[in-house]
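So this one's start-v2.cif, mmCIF, C-alpha atoms:
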```
data_query
#
loop_
_atom_site.label_atom_id
_atom_site.label_comp_id
_atom_site.auth_asym_id
_atom_site.auth_seq_id
_atom_site.Cartn_x
_atom_site.Cartn_y
_atom_site.Cartn_z
CA MET A 775 0.00 0.00 0.00
CA PRO A 776 1.77 2.85 1.12
CA PHE A 777 4.91 3.92 -0.04
CA SER A 778 7.09 6.67 -0.88
CA GLU A 779 10.67 6.75 -1.78
CA SER A 780 13.58 8.38 -0.20
CA GLY A 781 12.59 10.03 2.97
CA CYS A 782 10.18 7.73 4.58
CA PHE A 783 12.74 5.09 5.00
CA MET A 784 15.90 7.06 4.91
CA GLU A 785 18.22 6.02 7.66
CA PRO A 786 18.75 9.15 9.73
CA THR A 787 22.51 8.83 9.31
CA THR A 788 22.29 8.97 5.53
CA LYS A 789 21.74 12.66 5.64
CA SER A 790 24.84 13.57 7.59
CA GLN A 791 26.99 11.22 5.54
CA GLY A 792 25.91 13.05 2.45
CA ALA A 793 24.28 11.59 -0.58
CA SER A 794 27.20 11.76 -2.90
CA ALA A 795 27.97 8.06 -2.84
CA PRO A 796 29.99 7.15 -5.91
CA HIS A 797 27.79 5.98 -8.71
CA ALA A 798 28.29 2.47 -9.91
CA GLY A 799 31.54 1.89 -7.98
CA ALA A 800 33.88 -0.27 -9.97
CA ASP A 801 31.48 -0.76 -12.89
CA ASP A 802 32.89 -0.57 -16.38
CA PRO A 803 32.18 3.00 -17.57
CA ALA A 804 31.34 1.84 -21.11
CA ARG A 805 28.67 -0.51 -19.77
CA VAL A 806 27.30 2.22 -17.50
CA THR A 807 27.00 4.51 -20.52
CA ALA A 808 25.23 1.82 -22.54
CA PHE A 809 22.92 1.20 -19.59
CA GLU A 810 22.06 4.87 -19.23
CA GLU A 811 21.34 5.06 -22.93
CA ARG A 812 18.86 2.23 -22.53
CA ILE A 813 17.21 4.14 -19.68
CA ALA A 814 17.09 7.29 -21.81
CA ARG A 815 15.40 5.36 -24.62
CA GLY A 816 12.71 4.31 -22.14
CA GLU A 817 13.67 0.62 -22.26
CA THR A 818 12.76 -1.71 -19.40
CA ILE A 819 15.58 -3.31 -17.44
CA GLU A 820 15.03 -7.02 -16.73
CA PRO A 821 16.65 -9.17 -14.02
CA LYS A 822 19.34 -10.76 -16.17
CA ASP A 823 20.29 -7.51 -17.95
CA TRP A 824 23.52 -5.86 -17.00
CA MET A 825 22.99 -3.04 -14.48
CA PRO A 826 25.30 -0.88 -12.38
CA GLU A 827 25.82 -2.19 -8.86
CA ARG A 828 24.49 1.07 -7.49
CA TYR A 829 21.23 0.67 -9.44
CA ARG A 830 20.85 -2.85 -8.09
CA LYS A 831 21.57 -1.71 -4.53
CA GLN A 832 19.20 1.23 -4.72
CA LEU A 833 16.43 -1.02 -6.04
CA ILE A 834 17.00 -3.64 -3.35
CA ARG A 835 16.84 -0.92 -0.70
CA MET A 836 13.79 0.77 -2.15
CA MET A 837 11.83 -2.38 -3.03
CA SER A 838 12.51 -4.21 0.23
CA GLN A 839 11.48 -1.14 2.23
CA HIS A 840 8.35 -0.96 0.14
CA ALA A 841 7.61 -4.66 0.76
CA HIS A 842 8.21 -4.26 4.50
CA SER A 843 5.79 -1.31 4.48
CA GLU A 844 3.07 -3.46 3.00
CA VAL A 845 3.61 -6.10 5.65
CA VAL A 846 3.84 -3.73 8.63
CA GLY A 847 0.90 -1.84 7.10
CA MET A 848 -1.34 -4.77 7.97
CA LEU A 849 -0.92 -4.11 11.69
CA PRO A 850 -2.71 -0.78 12.28
CA GLU A 851 -5.78 -2.03 10.41
CA GLY A 852 -5.61 -5.65 11.53
CA ASN A 853 -6.10 -4.14 14.96
CA TRP A 854 -9.72 -3.28 14.04
CA ILE A 855 -10.90 -6.41 12.22
CA THR A 856 -12.54 -7.92 15.27
CA ARG A 857 -14.15 -4.60 16.16
CA ALA A 858 -15.59 -3.64 12.77
CA PRO A 859 -19.10 -2.22 13.28
CA CYS A 860 -20.88 -4.69 10.97
CA LEU A 861 -20.24 -7.75 8.83
CA ARG A 862 -19.95 -5.76 5.57
CA ARG A 863 -17.20 -3.57 7.01
CA LYS A 864 -15.50 -6.57 8.53
CA LEU A 865 -15.40 -8.46 5.23
CA SER A 866 -13.98 -5.41 3.43
CA LEU A 867 -11.31 -4.76 6.02
CA LEU A 868 -10.32 -8.41 6.10
CA ALA A 869 -9.97 -8.44 2.31
CA LYS A 870 -7.98 -5.21 2.34
CA VAL A 871 -5.54 -6.47 4.95
CA GLN A 872 -5.14 -9.69 2.98
CA ASP A 873 -4.36 -7.59 -0.08
CA GLU A 874 -1.60 -5.81 1.83
CA ALA A 875 -0.02 -9.20 2.56
CA GLY A 876 -0.27 -10.00 -1.14
CA HIS A 877 1.31 -6.68 -2.06
CA GLY A 878 4.20 -7.40 0.26
CA LEU A 879 4.67 -10.77 -1.47
CA TYR A 880 4.55 -9.27 -4.99
CA ILE A 881 7.32 -6.86 -4.08
CA TYR A 882 9.46 -9.35 -2.16
CA CYS A 883 9.20 -11.58 -5.23
CA GLY A 884 10.34 -8.68 -7.42
CA THR A 885 13.22 -7.91 -5.05
CA GLU A 886 14.42 -11.51 -5.17
CA THR A 887 15.05 -11.12 -8.90
CA LEU A 888 17.91 -8.80 -7.91
CA GLY A 889 19.77 -11.63 -6.20
CA VAL A 890 18.61 -11.41 -2.58
CA GLU A 891 16.55 -13.89 -0.59
CA ARG A 892 13.23 -13.01 0.94
CA ALA A 893 14.13 -14.81 4.17
CA ASP A 894 17.12 -12.47 4.60
CA LEU A 895 14.98 -9.39 3.96
CA VAL A 896 12.41 -10.60 6.50
CA ASP A 897 15.21 -11.15 9.00
CA GLN A 898 16.39 -7.58 8.52
CA LEU A 899 12.90 -6.34 9.30
CA LEU A 900 12.52 -8.53 12.37
CA GLU A 901 15.94 -7.51 13.66
CA GLY A 902 14.95 -3.87 13.38
CA LYS A 903 17.60 -3.16 10.74
CA ALA A 904 15.21 -2.36 7.89
CA LYS A 905 13.08 0.73 7.36
CA TYR A 906 9.43 0.87 6.46
CA SER A 907 7.00 3.69 5.86
CA SER A 908 6.87 6.00 8.86
CA ILE A 909 3.08 6.28 8.76
CA PHE A 910 2.54 2.82 10.26
CA ASN A 911 4.12 3.91 13.48
CA TYR A 912 1.00 5.90 14.35
CA PRO A 913 -1.80 4.26 16.37
CA THR A 914 -5.33 3.52 15.15
CA LEU A 915 -7.45 4.90 17.96
CA THR A 916 -11.01 4.70 16.61
CA TRP A 917 -13.00 2.98 13.87
CA ALA A 918 -12.85 6.22 11.87
CA ASP A 919 -9.11 5.64 11.50
CA MET A 920 -9.96 2.77 9.12
CA GLY A 921 -11.67 5.34 6.96
CA ALA A 922 -8.86 7.89 7.18
CA ILE A 923 -6.19 5.28 6.39
CA GLY A 924 -8.05 3.95 3.36
CA TRP A 925 -8.79 7.40 2.02
CA LEU A 926 -5.56 9.24 2.83
CA VAL A 927 -2.83 6.64 3.29
CA ASP A 928 -3.93 4.42 0.42
CA GLY A 929 -4.78 7.54 -1.57
CA ALA A 930 -1.22 8.82 -1.14
CA ALA A 931 0.08 5.37 -2.00
CA ILE A 932 -1.89 5.36 -5.25
CA VAL A 933 -0.37 8.70 -6.29
CA ASN A 934 3.11 7.29 -5.62
CA GLN A 935 2.61 3.84 -7.03
CA THR A 936 0.95 5.00 -10.23
CA MET A 937 4.27 6.65 -11.00
CA LEU A 938 6.29 3.63 -9.90
CA ALA A 939 4.29 1.49 -12.32
CA LYS A 940 6.42 3.15 -15.02
CA ALA A 941 9.70 2.46 -13.22
CA SER A 942 12.62 1.34 -15.36
CA TYR A 943 12.97 -2.02 -13.57
CA GLY A 944 10.48 -4.47 -15.08
CA PRO A 945 9.65 -6.66 -12.07
CA TYR A 946 9.05 -3.59 -9.88
CA ALA A 947 6.87 -1.88 -12.48
CA ARG A 948 4.81 -5.04 -13.01
CA ALA A 949 4.28 -5.49 -9.26
CA MET A 950 3.08 -1.87 -9.10
CA ILE A 951 0.57 -2.39 -11.89
CA ARG A 952 -0.95 -5.30 -9.98
CA ILE A 953 -0.99 -3.30 -6.78
CA CYS A 954 -2.54 -0.18 -8.30
CA LYS A 955 -5.48 -2.21 -9.59
CA GLU A 956 -6.21 -3.34 -6.04
CA GLU A 957 -5.55 -0.06 -4.21
CA ASN A 958 -8.59 1.65 -5.67
CA PHE A 959 -10.83 -0.67 -3.69
CA HIS A 960 -8.82 0.21 -0.57
CA LYS A 961 -9.24 3.91 -1.09
CA ARG A 962 -12.94 3.72 -1.88
CA GLN A 963 -13.80 1.53 1.11
CA GLY A 964 -11.97 4.03 3.34
CA TYR A 965 -13.70 7.03 1.81
CA GLU A 966 -17.07 5.30 2.19
CA ILE A 967 -16.40 4.70 5.89
CA LEU A 968 -15.62 8.39 6.41
CA ALA A 969 -18.53 9.60 4.30
CA THR A 970 -20.92 7.39 6.29
CA LEU A 971 -19.60 8.65 9.62
CA ALA A 972 -19.60 12.26 8.42
CA ALA A 973 -23.29 11.93 7.50
CA GLY A 974 -24.12 10.27 10.82
CA THR A 975 -24.70 11.58 14.33
CA ARG A 976 -22.77 14.56 15.66
CA GLY A 977 -20.54 12.17 17.59
CA GLN A 978 -19.82 10.07 14.50
CA LYS A 979 -18.95 13.13 12.46
CA ALA A 980 -16.62 14.33 15.22
CA MET A 981 -14.94 10.93 15.21
CA ALA A 982 -14.38 11.14 11.44
CA GLN A 983 -12.99 14.68 11.73
CA ASP A 984 -10.66 13.65 14.54
CA ALA A 985 -9.26 10.79 12.45
CA VAL A 986 -8.66 13.08 9.47
CA ASN A 987 -6.98 15.61 11.76
CA ARG A 988 -4.56 12.97 13.01
CA TRP A 989 -3.78 11.28 9.65
CA TRP A 990 -3.54 14.29 7.34
CA TRP A 991 -0.02 15.49 8.13
CA PRO A 992 1.58 12.03 8.38
CA SER A 993 0.02 11.29 4.97
CA LEU A 994 1.75 14.33 3.46
CA MET A 995 5.00 13.09 5.01
CA MET A 996 4.60 9.77 3.17
CA PHE A 997 5.98 11.42 0.04
CA GLY A 998 9.29 11.98 1.78
CA PRO A 999 11.22 15.19 2.39
CA SER A 1000 11.40 17.94 -0.14
CA ASP A 1001 13.51 16.91 -3.12
CA LYS A 1002 16.20 19.36 -2.15
CA ASP A 1003 16.61 17.46 1.16
CA SER A 1004 16.16 13.98 -0.24
CA PRO A 1005 19.48 12.22 -0.77
CA ASN A 1006 18.27 9.59 -3.20
CA SER A 1007 15.85 11.56 -5.34
CA ALA A 1008 18.18 12.84 -8.07
CA GLU A 1009 19.77 9.46 -8.77
CA LEU A 1010 16.45 7.62 -8.77
CA LEU A 1011 14.94 10.17 -11.13
CA ARG A 1012 17.92 9.94 -13.46
CA TRP A 1013 17.61 6.16 -13.63
CA ARG A 1014 13.85 6.48 -14.09
CA VAL A 1015 13.09 4.41 -11.01
CA LYS A 1016 11.07 7.45 -9.99
CA GLN A 1017 9.28 9.59 -12.53
CA LYS A 1018 8.37 12.60 -10.43
CA GLY A 1019 9.86 14.30 -7.42
CA ASN A 1020 8.44 14.05 -3.89
CA ASP A 1021 7.14 17.63 -3.89
CA GLU A 1022 5.27 17.31 -7.15
CA LEU A 1023 3.55 14.10 -6.04
CA ARG A 1024 2.68 15.59 -2.66
CA GLN A 1025 1.07 18.57 -4.40
CA ARG A 1026 -0.91 16.27 -6.65
CA PHE A 1027 -2.19 14.40 -3.60
CA VAL A 1028 -3.24 17.62 -1.85
CA ASN A 1029 -5.05 18.82 -4.99
CA LEU A 1030 -6.97 15.54 -5.18
CA SER A 1031 -7.80 15.41 -1.47
CA VAL A 1032 -9.15 18.92 -0.80
CA PRO A 1033 -12.31 18.56 -2.93
CA GLN A 1034 -12.84 15.03 -1.63
CA ALA A 1035 -12.81 16.35 1.95
CA GLN A 1036 -15.22 19.14 1.00
CA ALA A 1037 -17.57 16.67 -0.68
CA ILE A 1038 -18.18 14.84 2.61
CA GLY A 1039 -18.21 17.95 4.80
CA LEU A 1040 -14.89 17.37 6.57
CA THR A 1041 -12.05 19.85 6.91
CA LEU A 1042 -8.31 19.37 6.63
CA PRO A 1043 -6.28 20.52 9.63
CA ASP A 1044 -4.27 23.22 7.90
CA PRO A 1045 -5.17 26.91 8.37
CA ASP A 1046 -2.82 27.87 5.53
CA LEU A 1047 -4.58 25.74 2.93
CA LYS A 1048 -5.68 27.97 0.03
CA MET A 1049 -6.20 27.76 -3.69
CA ASN A 1050 -3.67 29.58 -5.82
CA PRO A 1051 -5.76 30.61 -8.82
CA GLU A 1052 -2.69 31.07 -11.02
CA THR A 1053 -1.21 27.59 -10.57
CA GLY A 1054 -4.47 25.82 -9.76
CA ASP A 1055 -2.70 24.25 -6.77
CA TRP A 1056 -3.96 24.04 -3.22
CA GLU A 1057 -1.09 25.59 -1.28
CA PHE A 1058 -0.48 24.13 2.15
CA GLY A 1059 1.31 25.08 5.34
CA PRO A 1060 4.74 23.92 6.50
CA ILE A 1061 5.24 20.23 7.32
CA ASP A 1062 6.76 19.35 10.69
CA TRP A 1063 9.81 17.49 9.44
CA GLU A 1064 11.19 17.20 12.94
CA GLU A 1065 8.29 14.89 13.78
CA PHE A 1066 8.99 12.90 10.60
CA TYR A 1067 12.67 12.37 11.47
CA GLN A 1068 11.74 11.39 15.01
CA VAL A 1069 9.31 8.75 13.74
CA ILE A 1070 11.69 7.21 11.19
CA GLY A 1071 14.44 7.40 13.77
CA GLY A 1072 12.48 4.91 15.91
CA ASN A 1073 10.69 7.33 18.23
CA GLY A 1074 7.17 7.25 16.79
CA PRO A 1075 4.25 6.25 18.99
CA CYS A 1076 4.22 2.58 17.87
CA ASN A 1077 7.64 1.68 16.39
CA ARG A 1078 8.50 -0.89 19.04
CA GLU A 1079 5.00 -2.32 19.14
CA ARG A 1080 5.00 -2.90 15.37
CA ILE A 1081 8.26 -4.83 15.32
CA ALA A 1082 7.27 -6.80 18.40
CA ALA A 1083 4.02 -7.80 16.67
CA ARG A 1084 5.91 -8.89 13.51
CA ARG A 1085 8.34 -10.95 15.58
CA ALA A 1086 5.55 -12.63 17.51
CA ALA A 1087 3.73 -13.46 14.26
CA HIS A 1088 6.90 -14.91 12.77
CA GLU A 1089 7.68 -17.01 15.85
CA ASP A 1090 4.07 -18.18 16.23
CA GLY A 1091 4.13 -19.34 12.61
CA GLN A 1092 7.30 -21.38 13.06
CA TRP A 1093 5.46 -24.67 13.69
CA VAL A 1094 3.34 -24.16 10.59
CA ARG A 1095 6.41 -23.64 8.40
CA GLU A 1096 8.06 -26.68 9.96
CA ALA A 1097 5.01 -28.86 9.42
CA ALA A 1098 4.71 -27.74 5.78
CA ALA A 1099 8.40 -28.42 5.15
CA ALA A 1100 8.14 -31.88 6.75
CA TYR A 1101 5.07 -32.65 4.64
CA GLY A 1102 6.88 -31.51 1.51
CA GLU A 1103 9.83 -33.76 2.27
CA LYS A 1104 7.60 -36.74 2.98
CA HIS A 1105 5.89 -36.17 -0.34
CA LYS A 1106 9.20 -36.03 -2.18
CA THR A 1107 10.37 -39.30 -0.61
CA ARG A 1108 7.17 -41.01 -1.63
CA GLN A 1109 7.47 -39.81 -5.19
CA VAL A 1110 11.03 -41.11 -5.38
CA ALA A 1111 9.97 -44.45 -3.90
CA ALA A 1112 7.04 -44.82 -6.30
CA MET B 1404 16.42 -15.67 12.76
CA SER B 1405 15.07 -17.60 9.80
CA GLN B 1406 16.00 -21.23 9.93
CA ALA B 1407 17.11 -23.37 7.03
CA ARG B 1408 13.69 -24.97 6.88
CA ASP B 1409 12.09 -21.55 6.31
CA ARG B 1410 13.96 -21.27 3.03
CA TRP B 1411 11.48 -22.99 0.83
CA PRO B 1412 12.24 -23.38 -2.86
CA LEU B 1413 11.10 -20.75 -5.32
CA TRP B 1414 8.38 -21.54 -7.90
CA GLU B 1415 7.47 -19.47 -10.93
CA VAL B 1416 3.75 -18.92 -11.34
CA PHE B 1417 1.92 -18.84 -14.67
CA THR B 1418 -1.77 -17.94 -14.75
CA GLN B 1419 -4.32 -18.48 -17.50
CA PRO B 1420 -6.61 -15.44 -17.34
CA LYS B 1421 -9.53 -17.06 -19.15
CA ASP B 1422 -10.53 -20.19 -20.99
CA GLY B 1423 -8.66 -20.48 -24.28
CA ALA B 1424 -6.02 -17.88 -23.39
CA PRO B 1425 -2.34 -18.81 -23.00
CA HIS B 1426 -0.70 -18.93 -19.57
CA GLU B 1427 1.26 -15.84 -18.61
CA HIS B 1428 4.01 -15.35 -16.08
CA ALA B 1429 2.52 -13.73 -12.96
CA GLY B 1430 5.40 -13.82 -10.46
CA SER B 1431 6.83 -16.30 -8.00
CA VAL B 1432 6.08 -17.91 -4.66
CA HIS B 1433 8.02 -19.88 -2.07
CA ALA B 1434 6.61 -23.25 -1.07
CA PRO B 1435 7.88 -26.59 0.23
CA ASP B 1436 6.08 -28.61 -2.46
CA ALA B 1437 4.00 -28.25 -5.62
CA GLU B 1438 0.67 -28.58 -3.85
CA LEU B 1439 1.37 -25.69 -1.48
CA ALA B 1440 2.97 -23.72 -4.31
CA LEU B 1441 -0.36 -23.93 -6.15
CA GLN B 1442 -2.29 -22.82 -3.09
CA ASN B 1443 0.12 -19.95 -2.39
CA ALA B 1444 -0.03 -18.92 -6.04
CA ARG B 1445 -3.84 -18.85 -5.92
CA ASP B 1446 -3.85 -16.73 -2.73
CA THR B 1447 -1.19 -14.37 -4.06
CA TYR B 1448 -2.05 -13.99 -7.74
CA ALA B 1449 -5.73 -14.91 -8.08
CA ARG B 1450 -7.67 -13.28 -5.26
CA ARG B 1451 -10.09 -11.64 -7.70
CA GLY B 1452 -10.77 -14.28 -10.27
CA GLU B 1453 -7.68 -13.39 -12.31
CA ALA B 1454 -7.12 -17.00 -13.33
CA VAL B 1455 -8.96 -20.12 -14.40
CA ASN B 1456 -5.81 -22.23 -14.29
CA ILE B 1457 -2.40 -21.99 -12.67
CA TRP B 1458 0.95 -23.63 -13.43
CA VAL B 1459 3.77 -23.65 -10.92
CA VAL B 1460 7.26 -24.59 -12.04
CA PRO B 1461 10.39 -24.87 -9.86
CA SER B 1462 12.38 -21.74 -10.75
CA GLU B 1463 15.56 -23.76 -11.09
CA ALA B 1464 13.93 -25.88 -13.81
CA ILE B 1465 13.58 -22.91 -16.16
CA SER B 1466 16.21 -22.32 -18.81
CA ALA B 1467 16.24 -18.89 -20.40
CA SER B 1468 18.09 -17.26 -23.27
CA THR B 1469 20.51 -14.56 -22.08
CA PRO B 1470 20.20 -10.85 -22.82
CA GLU B 1471 23.85 -10.77 -24.04
CA ASP B 1472 23.05 -13.27 -26.77
CA VAL B 1473 19.95 -11.50 -27.98
CA GLY B 1474 21.55 -10.57 -31.33
CA PRO B 1475 23.07 -13.86 -32.50
CA PHE B 1476 20.42 -15.98 -30.82
CA PHE B 1477 17.47 -14.42 -32.64
CA ASP B 1478 19.36 -13.53 -35.79
CA PRO B 1479 18.25 -16.63 -37.72
CA GLY B 1480 14.68 -15.36 -37.52
CA ASN B 1481 15.39 -11.69 -38.23
CA ASP B 1482 16.84 -11.97 -41.74
CA LYS B 1483 14.01 -13.90 -43.36
CA PRO B 1484 11.49 -11.30 -44.52
CA TYR B 1485 9.92 -13.92 -46.79
CA ARG B 1486 8.32 -15.39 -43.69
CA HIS B 1487 6.03 -12.35 -43.50
CA PRO B 1488 3.04 -11.76 -45.76
CA GLN B 1489 4.27 -8.19 -46.46
CA PHE B 1490 7.12 -9.74 -48.48
CA TYR B 1491 4.68 -10.76 -51.19
CA LYS B 1492 3.12 -8.53 -53.82
CA GLY B 1493 -0.28 -8.99 -55.29
CA ALA B 1494 -3.73 -7.59 -55.46
CA LYS B 1495 -5.51 -7.08 -52.18
CA GLY B 1496 -7.91 -9.83 -51.40
CA GLY B 1497 -5.83 -12.18 -53.52
#
```
What does this structure look like when you write it as structure tokens?
Amino acid sequence: MPFSESGCFMEPTTKSQGASAPHAGADDPARVTAFEERIARGETIEPKDWMPERYRKQLIRMMSQHAHSEVVGMLPEGNWITRAPCLRRKLSLLAKVQDEAGHGLYIYCGTETLGVERADLVDQLLEGKAKYSSIFNYPTLTWADMGAIGWLVDGAAIVNQTMLAKASYGPYARAMIRICKEENFHKRQGYEILATLAAGTRGQKAMAQDAVNRWWWPSLMMFGPSDKDSPNSAELLRWRVKQKGNDELRQRFVNLSVPQAQAIGLTLPDPDLKMNPETGDWEFGPIDWEEFYQVIGGNGPCNRERIAARRAAHEDGQWVREAAAAYGEKHKTRQVAA
Amino acid sequence: MSQARDRWPLWEVFTQPKDGAPHEHAGSVHAPDAELALQNARDTYARRGEAVNIWVVPSEAISASTPEDVGPFFDPGNDKPYRHPQFYKGAKGG
């Protein structure tokens, strides 16, 4: 679901070390040139094609963080499955959370084509060494949060992922196309939840407004820091992994969201929000980047809880994996014997 | 943290979107055997009726041509324009 490059996952140290890591290391310059010409022609890079080491590394970093985000993204919503207000909502939420698991698997599968193993990536997440989208470190306090997440967090993810569906790396782009098809359901079910609450009792409307107030700014942060502060942006744009900068995508998201909020009678918590008639953009107030760096740095409200929940799920599933492996081996022996 | 037994083999998944259509590569799954690979492939790649049939193939069983050889490998087919109908002249509808 939710994803954004560069900032959301950026290790806090990356910034001070500077972003000027040498491109391509010891790669043969002639091959790098040929590779960049392929990118410039709009060709798709496939797993067995030659690629600079730096391109491979950046993709592994970006794709694995994206996959982890899908997986951790199940937790804030999974929290509400048993408390959904009716069967219809429960079925939808269950299906959405299952989709997020599927999205994680699509992207892990794409990442493995770059020569890494999923089990190692999962270990990095469980050991707390991997980053994932900062937004999942916020708590889901009321049922209205299911609406706000679907509408805003999945909405922001759609803006990002629609662009990533044109990424230069084939397996990543193809995973994004699959994901985008499914995200629209996520966004619409969330918007429907909020619209229903907003048209309900005064208390229900207040609950919807409160959820929007809490999720709006973290959703804007999902696009990552401004491009001028984002260490990876320039390189990823040049290699056409990303098509648009963080700021442009964030603006697009704001422009889409303002009329949607108005349509259901909710407000966005930004006194500076105003339409610029010349650009046609909804201008917004300053983002609290200090909060963002705190949350990715491990100090968000739920960082520890999220990793603890992932670890528990992994350990609780150990016997299932063992049983399946034993069954598989038994099967193999029988086939050989037959 | 992951144990050796968690490292299930990789299977490539091919889905047939509808009756009569050819199977297409969808992605991959990990599974300890073919039966579970099929079930995982269904749950991962066919949650919305995207397939009427699924093949799973151990990834290591697939042989592929290499990008480096693309020129010489496909060359025998590229220099035979007489295999295309456009090579032939004649009245339309002939």
(message) Taking all atoms listed in the file into account, find every residue of chain B that has an atom no more than 12 Å from chain A, and write it out as an NGL selection string.
(response) :B and (1404-1416 or 1428-1440 or 1443-1451 or 1453 or 1462 or 1467-1473)
(request) Tell me which of A:Ile813, A:Val927, A:Ala804, A:Ala1008 sits closest to Ser993 in chain A, counting all atoms listed in the file. (result)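 Nearest candidate to Ser993 in chain A out of A:Ile813, A:Val927, A:Ala804, A:Ala1008: A:Val927.
Selection result for the displayed file, with the PyMOL selection byres ((chain B and resi 1454) around 8) as criterion, is B:Thr1418, B:Gln1419, B:Pro1420, B:Lys1421, B:Ala1449, B:Gly1452, B:Glu1453, B:Val1455, B:Asn1456, B:Ile1457.
As for CA of Cys1076 in chain A and CA of Asn853 in chain A, they are spaced 12.7 Å apart.
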Taking all atoms of range 1410-1428 of chain B that appear in the file, build a box with edges along x, y and z, extend it by 5 Å on every side, and state its centre and edge lengths in Å to one decimal, as JSON.
```
{"center_x": 1.7, "center_y": -19.4, "center_z": -10.6, "size_x": 34.5, "size_y": 18.0, "size_z": 37.3}
```
For Thr1041 in chain A, work out the shell of residues within 10 Å, counting all atoms listed in the file and skipping chain neighbours fewer than 5 positions away, then give it as a tab-separated table (two decimals) with C-alpha atoms, in the coordinates of the input.
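File written: around.tsv
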```tsv
chain	number	residue	atom	x	y	z
A	983	GLN	CA	-12.99	14.68	11.73
A	984	ASP	CA	-10.66	13.65	14.54
A	986	VAL	CA	-8.66	13.08	9.47
A	987	ASN	CA	-6.98	15.61	11.76
A	1032	VAL	CA	-9.15	18.92	-0.80
A	1033	PRO	CA	-12.31	18.56	-2.93
A	1034	GLN	CA	-12.84	15.03	-1.63
A	1035	ALA	CA	-12.81	16.35	1.95
A	1036	GLN	CA	-15.22	19.14	1.00
```
(request) Compare A:Val871, A:Leu926, A:Val846, A:Leu1010 by their minimum atom-to-atom distance to Ser942 in chain A, counting only C-alpha atoms, and give me the closest one. (result) A:Leu1010
(request) Select all residues near (28.3, 3.5, -16.6) (cut-off 12 Å, inclusive, file coordinates), counting only C-alpha atoms, and output them as a ChimeraX atom specification. (result) /A:796-813,824-829,1013
